[in-house]
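Beneath this line is the structure, given in structure tokens, with notes to follow.
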Amino acid sequence: MPSHLTRPRAAVAVAACLLAVGAPTAYAAFTDDAATGSVVAPARGTPYVETRLFFGTERPDGGPAVTDRQFMDFVDREVTPGFPGGLTVQEGRGQWRDASGTIERERSYELILLYPVTEAGAKDRKIEEIRSDYQKAFAQEAVARVDDRTLVDF
């Protein structure tokens, strides 16, 4: 084969090899996680725990529903002292099956707490107190809890 034809072919072959080798690196910053269907970003931040608590407002005994004012007073008194760095409260509508098998639909609150993994033991005790205190104060059957490890960057 004439040398003037082999140079372009060699250049194309080298370029193809570089693209094939470089492609995984180029896409390493943002990849799809097939297991969750989410985009995985570069690791950044400090290891934290995200705890979400779900508070219902209807009382199983038929008493009056927990009001916004009552709930925010509870947060100020019971939650803020243990989590002075911040928290988020969101209002919602939820449903769940109670102990008798009835599906209850009610106005609810989601409380989101973020705290360093290194504080997880102490924060766990405080969170369990919050759940117990709410159940007692407002005659609730349960307060749901979800914990996830995450990275947080402020």
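As shown in the structure tokens, the chain order sets the letters A, B, ...; within each chain, residues go from 1, and ligands are also counted from 1 in the order they appear.
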Contacts of segment 71-74 of chain A within 9 Å, only C-alpha atoms, excl. fewer than 4 positions in-chain, as a PyMOL selection string: chain A and resi 57+66-67+78-79+109+134
I need the residues from that last selection saved to file as a JSON list (two decimals), in the first residue's frame (with C-alpha atoms), if you can.
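Below is the file that was written, part-v2.json:
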```json
[["chain", "number", "residue", "atom", "x", "y", "z"],
["A", 57, "THR", "CA", -51.99, 15.59, 62.40],
["A", 66, "VAL", "CA", -52.84, 19.23, 65.35],
["A", 67, "THR", "CA", -52.77, 22.83, 64.13],
["A", 78, "GLU", "CA", -38.53, 19.97, 71.15],
["A", 79, "VAL", "CA", -36.52, 20.00, 67.92],
["A", 109, "TYR", "CA", -45.45, 17.48, 58.14],
["A", 134, "TYR", "CA", -44.84, 13.95, 69.60]]
```
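Non-sequential neighbours of segment 140-143 of chain A (distance at most 7 Å, separation of 4 or more positions within a chain, only C-alpha atoms) are Leu53, Phe54, Phe55, Arg59, Pro60, Arg131, Gln135 and Lys136 of chain A.
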Determine, counting only C-alpha atoms, which protein, DNA and RNA residues have an atom within 10 Å of an atom of Lys123 of chain A; residues of the same chain fewer than 4 positions away are not included. Present the result as a list in words.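 In the requested form, the answer reads Val49, Thr51, Gly82, Phe83, Leu113, Leu114, Tyr115, Pro116, Val117, Thr118, Glu119, Ile127, Glu128 and Glu129 of chain A.
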Write out, as an mmCIF file, in the first residue's frame, the residues just selected, with C-alpha atoms.
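Below is the file that was written, selection-v6.cif:
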```
data_model
loop_
_atom_site.group_PDB
_atom_site.id
_atom_site.type_symbol
_atom_site.label_atom_id
_atom_site.label_comp_id
_atom_site.auth_asym_id
_atom_site.auth_seq_id
_atom_site.Cartn_x
_atom_site.Cartn_y
_atom_site.Cartn_z
ATOM 1 C CA VAL A 49 -26.921 11.636 57.897
ATOM 2 C CA THR A 51 -33.157 11.996 58.776
ATOM 3 C CA GLY A 82 -31.169 19.644 69.591
ATOM 4 C CA PHE A 83 -30.652 20.837 65.996
ATOM 5 C CA LEU A 113 -32.598 17.036 59.684
ATOM 6 C CA LEU A 114 -28.981 16.968 58.490
ATOM 7 C CA TYR A 115 -26.119 16.210 60.870
ATOM 8 C CA PRO A 116 -22.541 14.951 60.595
ATOM 9 C CA VAL A 117 -22.054 11.181 60.729
ATOM 10 C CA THR A 118 -19.732 11.764 63.693
ATOM 11 C CA GLU A 119 -22.743 13.034 65.703
ATOM 12 C CA ILE A 127 -34.557 12.035 67.380
ATOM 13 C CA GLU A 128 -36.096 9.124 69.271
ATOM 14 C CA GLU A 129 -37.085 11.547 72.066
#
```
Hey, can you check how far atom CA of Thr80 of chain A sits from atom CA of Ile112 of chain A?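 A separation of 11.9 Å between them.
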Point-to-point distance in Å for atom CA of Arg105 of chain A and atom CA of Arg93 of chain A: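 Atom CA of Arg105 of chain A lies 7.3 Å from atom CA of Arg93 of chain A.
Atom CA of Asp133 of chain A is positioned 17.4 Å from atom CA of Val89 of chain A.
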Report as a list in words: the residues of segment 78-131 of chain A with a DSSP assignment of strand (DSSP E or B), based on the backbone of this structure. Thr88, Val89, Gln90, Glu91, Gly92, Arg93, Gly94, Gln95, Trp96, Arg97, Ile103, Glu104, Arg105, Glu106, Arg107, Ser108, Tyr109, Glu110, Leu111, Ile112, Leu113, Leu114, Tyr115 and Pro116 of chain A
